[in-house]
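Here the structure is laid out as structure tokens; the discussion comes afterwards.
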Amino acid sequence: MKNVLALLASLMMFVSVAFGQEENQTKQQKRLETAGEVMSEVLNMPDSIPQHVLNRTRCVVVVPSVIKAAFVVGGSYGRGAMVCRSGKDFSGPWGAPAMMALEGGSFGFQLGAEATDFVFLIMNDRGAKALLESKVKLGGDVAAAAGPVGRDAEADTDVTMRAEILTYSRARGVFAGASLEGSTLRPDNDSNVILYGRKISARKIILGPSPEAPTAARRLVDLLDKVTPHPANA
């Protein structure tokens, strides 16, 4: 009888763990789907990211639905996904996503009662590789600036040309460049393990050999392949 009870307890624990893993993986997949929706909506806005800026971009990070309430209890972060052009020189088609975390800094004070979506454009190889290694502080470890908006916006200002990361926010239907200096971006490798079902770092996902992109990421990856299939020289 004791053996039977022990077997049942082990079976229940296994089912519970498996269910938890499946639930967590579904959560990561939902984040990817939402990131694709946000990027699609942003690029369809009248005042969006200039095309010549998109063409210079090495990687895109989308962090959807960050809400101010998260900061009241010290959570102080949002989670999203990073997609880069494939290859070590970031010159190939857009590849599989790595999960990322946005933390701390002044951006919490910019949020209203409604959710705010953030988009980050990584503009050169150094900025992309720094972000894949560890946590980076915007305006400290990497040069960051509010990104220009408008299809024909002039992007060749000194600040924009020097920036390694251009930052944007969307709240209440308004899309604009955002100053997020002091905030940090880092790989969310725990979520990467959950998403891909094995131990894998953001660096391995982005620089390869890359895994196949999850189905949930297809909207985001396909959209970037459509709007900016070939990189321009930064």
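Naming works like this for the structure tokens: A, B, ... for the chains as they're shown, residue 1 at the start of each chain, ligands 1 onward in shown order.
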Between region 167-213 of chain A and region 135-140 of chain A, at 7 Å or less, what are the per-residue closest atom pairs and their distances in Å? Count only C-alpha atoms, order by chain and rising residue number, and return it as a Markdown table.
```
| residue | atom | partner | partner_atom | distance |
| --- | --- | --- | --- | --- |
| A:Leu180 | CA | A:Leu138 | CA | 6.8 |
| A:Glu181 | CA | A:Leu138 | CA | 4.9 |
| A:Gly182 | CA | A:Leu138 | CA | 5.5 |
| A:Ser183 | CA | A:Leu138 | CA | 5.7 |
| A:Thr184 | CA | A:Lys137 | CA | 4.4 |
| A:Leu185 | CA | A:Val136 | CA | 5.5 |
| A:Arg186 | CA | A:Lys135 | CA | 4.1 |
```
Output file for the residues above (C-alpha atoms, as an mmCIF file, in the first residue's frame):
```cif
data_model
loop_
_atom_site.group_PDB
_atom_site.id
_atom_site.type_symbol
_atom_site.label_atom_id
_atom_site.label_comp_id
_atom_site.auth_asym_id
_atom_site.auth_seq_id
_atom_site.Cartn_x
_atom_site.Cartn_y
_atom_site.Cartn_z
ATOM 1 C CA LEU A 180 14.879 55.653 -21.200
ATOM 2 C CA GLU A 181 18.367 56.458 -19.919
ATOM 3 C CA GLY A 182 19.124 54.619 -16.696
ATOM 4 C CA SER A 183 16.941 51.659 -17.606
ATOM 5 C CA THR A 184 18.549 48.315 -18.348
ATOM 6 C CA LEU A 185 18.024 45.592 -20.925
ATOM 7 C CA ARG A 186 19.242 42.036 -20.392
#
```
With a distance cut-off of 6 Å and only C-alpha atoms, select the neighbouring residues of Leu207 (chain A), excluding the residue or stretch itself and same-chain residues fewer than 3 positions from it, and output the selection as an mmCIF file with N, CA and C atoms, in the first residue's frame.
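Saved file out04.cif follows:
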```cif
data_model
loop_
_atom_site.group_PDB
_atom_site.id
_atom_site.type_symbol
_atom_site.label_atom_id
_atom_site.label_comp_id
_atom_site.auth_asym_id
_atom_site.auth_seq_id
_atom_site.Cartn_x
_atom_site.Cartn_y
_atom_site.Cartn_z
ATOM 1 N N LYS A 88 26.908 36.473 -38.036
ATOM 2 C CA LYS A 88 27.740 37.176 -37.077
ATOM 3 C C LYS A 88 27.909 38.653 -37.399
ATOM 4 N N ARG A 203 22.738 34.610 -26.693
ATOM 5 C CA ARG A 203 23.837 34.693 -27.653
ATOM 6 C C ARG A 203 23.794 33.544 -28.661
ATOM 7 N N LYS A 204 23.548 32.342 -28.159
ATOM 8 C CA LYS A 204 23.479 31.171 -29.042
ATOM 9 C C LYS A 204 22.272 31.274 -29.983
#
```
Self-check item: Residue contacts of Gly177 (chain A) (10 Å, only C-alpha atoms) excluding same-chain residues fewer than 4 positions away, as a list in words
Solution: Ser48, Ile49, Phe118, Val119, Phe120, Ala145, Ala146, Gly147, Pro148, Val149, Leu166, Thr167, Tyr168, Ser169 and Arg170 of chain A
Suppose we keep N, CA and C atoms; can you now write the selection as a short mmCIF file (atom, residue, chain, number, x, y, z; two decimals), in the first residue's frame?
```
data_model
loop_
_atom_site.label_atom_id
_atom_site.label_comp_id
_atom_site.auth_asym_id
_atom_site.auth_seq_id
_atom_site.Cartn_x
_atom_site.Cartn_y
_atom_site.Cartn_z
N SER A 48 5.42 56.71 -37.89
CA SER A 48 6.09 55.51 -37.42
C SER A 48 7.60 55.66 -37.54
N ILE A 49 8.31 54.55 -37.50
CA ILE A 49 9.77 54.57 -37.60
C ILE A 49 10.17 54.84 -39.05
N PHE A 118 7.07 49.29 -25.52
CA PHE A 118 8.38 49.84 -25.83
C PHE A 118 9.01 49.09 -27.00
N VAL A 119 9.65 49.85 -27.89
CA VAL A 119 10.39 49.28 -29.02
C VAL A 119 11.81 49.84 -28.98
N PHE A 120 12.78 48.96 -29.09
CA PHE A 120 14.19 49.36 -29.09
C PHE A 120 14.82 48.90 -30.41
N ALA A 145 19.27 56.91 -27.41
CA ALA A 145 18.59 58.18 -27.70
C ALA A 145 17.16 57.90 -28.12
N ALA A 146 16.30 58.89 -27.89
CA ALA A 146 14.93 58.79 -28.37
C ALA A 146 14.93 58.72 -29.90
N GLY A 147 14.24 57.75 -30.44
CA GLY A 147 14.25 57.56 -31.88
C GLY A 147 13.39 58.57 -32.63
N PRO A 148 13.77 58.89 -33.87
CA PRO A 148 12.95 59.80 -34.69
C PRO A 148 11.70 59.10 -35.18
N VAL A 149 10.64 59.84 -35.41
CA VAL A 149 9.39 59.29 -35.94
C VAL A 149 8.97 60.06 -37.18
N LEU A 166 18.14 53.07 -30.30
CA LEU A 166 17.09 54.08 -30.40
C LEU A 166 15.85 53.54 -29.69
N THR A 167 15.22 54.38 -28.89
CA THR A 167 14.13 53.92 -28.04
C THR A 167 12.82 54.63 -28.39
N TYR A 168 11.73 53.85 -28.31
CA TYR A 168 10.40 54.35 -28.63
C TYR A 168 9.39 53.83 -27.60
N SER A 169 8.30 54.58 -27.44
CA SER A 169 7.20 54.10 -26.60
C SER A 169 5.87 54.38 -27.30
N ARG A 170 4.88 53.57 -26.95
CA ARG A 170 3.52 53.79 -27.46
C ARG A 170 2.55 53.65 -26.31
#
```
Quiz item: Could you pull out the helix (DSSP H, G or I) residues of region 34-195 of chain A from DSSP and send them as a ChimeraX atom specification?
Solution: /A:34-43,51-56,69-72,105-110,125-133,158-162,189-195
Quiz item: If you count only C-alpha atoms, which residues fall within 6 Å of Ile165 (chain A), apart from same-chain ones fewer than 2 positions away, as a PyMOL selection string?
Solution: chain A and resi 121-123+144+163
Quiz item: So what do you get for CA of Ser91 (chain A) versus CA of Pro231 (chain A), distance-wise?
Solution: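 That distance, rounded to one decimal, is 6.0 Å.
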Practice problem: Name all residues at most 9 Å from Gly127 (chain A) (count only C-alpha atoms; drop same-chain ones fewer than 5 positions away) and give them as a PyMOL selection string. | Solution: chain A and resi 58+122+132+142-143+164-165
Quiz item: With distances taken over only C-alpha atoms, which of A:Val60, A:Ala128, A:Val42, A:Leu102 is nearest to Val221 (chain A)?
Solution: A:Val60
Quiz item: Which residues, written as a list in words, have at least one atom at most 7 Å from Ile194 (chain A), with only C-alpha atoms counted and residues fewer than 3 positions away on the same chain left out?
Solution: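 Listing them by chain and then by number gives Asn24, Gln25, Asp190, Ser191 and Gly197 of chain A.
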Practice problem: Kindly indicate which residue among A:Ala98, A:Val83, A:Ala171, A:Ile206 lies nearest to Gln28 (chain A), using only C-alpha atoms for the distances. | Solution: A:Ala98
Quiz item: Interatomic distance between CA of Met39 (chain A) and CA of Ala202 (chain A)?
Solution: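 Computing it gives 20.5 Å between the two atoms.
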Self-check item: Gap from CA of Ala232 (chain A) to CA of Leu54 (chain A) - Å, one decimal
Solution: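 The value is 8.9 Å.
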Quiz prompt | Nearest candidate to Gln51 (chain A) (options A:Gly150, A:Gly36, A:Gly78, A:Gly208; using only C-alpha atoms) | solution =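 Using only C-alpha atoms, Gln51 (chain A) sits closest to A:Gly150.
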Quiz item: For Glu33 (chain A), which of A:Gly104, A:Pro187, A:Pro214, A:Pro229 is the closest residue, counting only C-alpha atoms?
Solution: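 Among the listed residues, A:Pro214 lies closest to Glu33 (chain A).
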Quiz item: Which residues, written as a PyMOL selection string, have at least one atom at most 10 Å from Pro211 (chain A), with only C-alpha atoms counted and residues fewer than 5 positions away on the same chain left out?
Solution: chain A and resi 95-97+196+200+204-206
Keeping only C-alpha atoms, write the selected residues as a PDB file, in the first residue's frame.
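Result file follows (out-v9.pdb):
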```pdb
ATOM      1  CA  GLY A  95      16.251  35.021 -37.210  1.00  0.00           C
ATOM      2  CA  ALA A  96      14.808  33.301 -34.147  1.00  0.00           C
ATOM      3  CA  PRO A  97      13.852  35.417 -31.112  1.00  0.00           C
ATOM      4  CA  TYR A 196      12.958  26.360 -26.448  1.00  0.00           C
ATOM      5  CA  ILE A 200      20.201  27.895 -24.524  1.00  0.00           C
ATOM      6  CA  LYS A 204      23.479  31.171 -29.042  1.00  0.00           C
ATOM      7  CA  ILE A 205      19.956  31.891 -30.303  1.00  0.00           C
ATOM      8  CA  ILE A 206      20.992  35.062 -32.110  1.00  0.00           C
TER       9      ILE A 206
END
```
